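Asks: Pasting in a structure now, in structure tokens, and then I'll have a few things to ask.
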Amino acid sequence: MAINWFKYSAPSTFYALAGKLAPWFAGLSAILFMIGLYMGLVAAPTDVQQGEAYRIIYIHVPTSILSMFIYLLMAGYAALGLIFNTRLSAMMAGALAPTGALFSLIALWTGAFWGRPEWGTYWVWDARLTSELILFFLYLGFIALHASIDDPRRADRAAALLAIVGSVNVPIIYFSVYWWNTLHQIPTFQVSGAKIDPTMEHALLVMMFACWFYAIAMTFWRVRSIILERERNTQWVRELPEARS
Amino acid sequence: MTLHEFFYMGGKGFYVWGAYGMALLVFVVEVALVRNRRTQALKQVRLLRDAEGEE
């Protein structure tokens, strides 16, 4: 059976698919957030060393991981767009950028609010914090660069280069706590060899999926708008039911 | 955990709710921005349709 790998690379086909899938991811995300927040804020036990402030972990860790993952995904779509010259790949990169930027913003903010009670400071220029801040700037730079170039395809290519080159920052963020002497700790449970409390572990997992599905829903909805903007001169867009007033 | 304990968070309530509050704000703003972008995009398409005098 021959698989048409490029079927969903047509904006019109993907527009419909994204529209069908997004509500499911949004609904699942909402449910998972309610479960995860209950588990993390209420059910999970208090930390022996940090008390209750540690509960920030349940929003800080998922958003941090996703800020990196989304960036790699964005760079991946950017690379696909350059290689195959597919418009939709560039549109997906553009759709991922704002969500990724906002996740990195949440990661930085929640990290700062955890740092103040835990370390005594909102901010320090250690390797992990600084490289995550750079990631946030890379996201903004990607968005700004794309917006600053009039021709959409040239904008796609320029922004794609920025995304791809910037992806070297992601392993730096990840390995920074091993390579340098940072204030930000290495993954706690590798040091002590202790097992994480199961409720804590499950709460982290649930919140991880909640944030991930939220990101998918936002990206799908946003790419639909991008498709409408860039394909507005096509017949299939003009004939969409939602386009009739 | 009582409701008071929930908000107080062992004295760290400002930090815990300051963190989660910001996250909630960002999510709400993002949803609003995404919805607005769709509204604007559809408006543009309708303008084009009307300009061309289509049905």
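Letters for chains follow the order of the structure tokens (A, B, ...), residue numbers begin at 1 for each chain, and ligand numbers begin at 1 in the order shown.
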Please provide as a PyMOL selection string all residues within 10 Å of Arg46 of chain B, with the sequence filter that same-chain residues fewer than 2 positions apart are discarded (counting only C-alpha atoms).

Replies: (chain A and resi 232+237-238+242-245) or (chain B and resi 40-44+48-52+54)

Asks: Residues of chain B near chain A: apply a cut-off of 6 Å, count only C-alpha atoms, and supply the list as an MDAnalysis selection string.

Replies: chainID B and resid 9:10 12 15:16 19 23 34 38 41:42 45:46

Asks: What's the 12 Å shell around Trp24 of chain A, counting only C-alpha atoms, without same-chain residues fewer than 3 positions away, as a list in words?

Replies: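 Listing them by chain and then by number gives Leu17, Ala18, Gly19, Lys20, Leu21, Gly27, Leu28, Ser29, Ala30, Ile31, Phe213, Tyr214, Ile216, Ala217, Met218, Phe220 and Trp221 of chain A.
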
Asks: What is the atom CA of Leu32 of chain A-atom CA of Leu3 of chain B distance in Å, reported with one decimal?

Replies: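 One can read the atom CA of Leu32 of chain A to atom CA of Leu3 of chain B distance as 21.9 Å.
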
Asks: Could you tell me how far atom CA of Ile196 of chain A lies from atom CA of Val48 of chain A, in Å and to one decimal?

Replies: 12.2 Å

Asks: When DSSP is applied to the backbone of this structure, which of segment 102-198 of chain A are assigned alpha helix (DSSP H)? Write them out as a VMD selection string.

Replies: chain A and resid 102 to 119 127 to 148 152 to 166 169 to 179 188 to 192 198

Asks: By how many Å are atom CA of Leu73 of chain A and atom CA of Ile149 of chain A apart?

Replies: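 It comes out at 22.5 Å.
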
Asks: List as a PDB file with C-alpha atoms, in the first residue's frame the protein and nucleic acid residues near segment 84-86 of chain A, meaning an atom at most 10 Å away when only C-alpha atoms are counted, but skip any in the same chain fewer than 4 places from it.

Replies:
```pdb
ATOM      1  CA  PHE A   6       2.609  14.469   1.646  1.00  0.00           C
ATOM      2  CA  SER A   9       1.370  18.864   3.752  1.00  0.00           C
ATOM      3  CA  ALA A  10      -1.342  20.606   1.754  1.00  0.00           C
ATOM      4  CA  PRO A  11      -2.612  23.531   3.810  1.00  0.00           C
ATOM      5  CA  TYR A  77       9.697  22.091  10.887  1.00  0.00           C
ATOM      6  CA  ALA A  78      11.894  24.982   9.775  1.00  0.00           C
ATOM      7  CA  ALA A  79      14.442  22.512   8.419  1.00  0.00           C
ATOM      8  CA  LEU A  80      11.704  20.516   6.669  1.00  0.00           C
ATOM      9  CA  ALA A  90       7.138  27.003   7.718  1.00  0.00           C
ATOM     10  CA  MET A  91       3.614  27.775   8.884  1.00  0.00           C
ATOM     11  CA  ARG A 153       8.730  32.792   1.618  1.00  0.00           C
ATOM     12  CA  ASP A 156      10.205  31.709   6.166  1.00  0.00           C
ATOM     13  CA  ARG A 157      13.739  30.933   5.027  1.00  0.00           C
TER      14      ARG A 157
END
```

Asks: Need the shell around Ala163 of chain A: protein/DNA/RNA residues with any atom at most 7 Å away, counting only C-alpha atoms. Skip same-chain ones fewer than 2 positions apart. Format as JSON, numbers by chain?

Replies: {"A": [75, 78, 142, 159, 160, 161, 165, 166, 167]}

Asks: Take the residues that were just selected and, keeping C-alpha atoms, output them as a compact mmCIF listing (two decimals), in the first residue's frame.

Replies:
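The resulting file, out.txt, is reproduced below:
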```
# COMPACT_ATOMS: atom_id res chain seq x y z
CA ALA A 75 13.57 24.08 14.24
CA ALA A 78 11.89 24.98 9.78
CA PHE A 142 12.35 34.21 15.34
CA ALA A 159 13.55 32.69 10.24
CA ALA A 160 14.20 29.01 9.57
CA LEU A 161 17.94 29.65 9.56
CA VAL A 165 21.23 27.77 14.28
CA GLY A 166 19.65 28.59 17.62
CA SER A 167 18.90 24.96 18.38
```

Asks: Using only C-alpha atoms, can you tell me which of A:His184, A:Arg154, A:Arg87, A:His146 comes closest to Val124 of chain A?

Replies: A:His184

Asks: With only C-alpha atoms as the atoms that count, which of A:Met34, A:Trp119, A:Leu82, A:Ile143 lies nearest to Gly100 of chain A?

Replies: A:Ile143
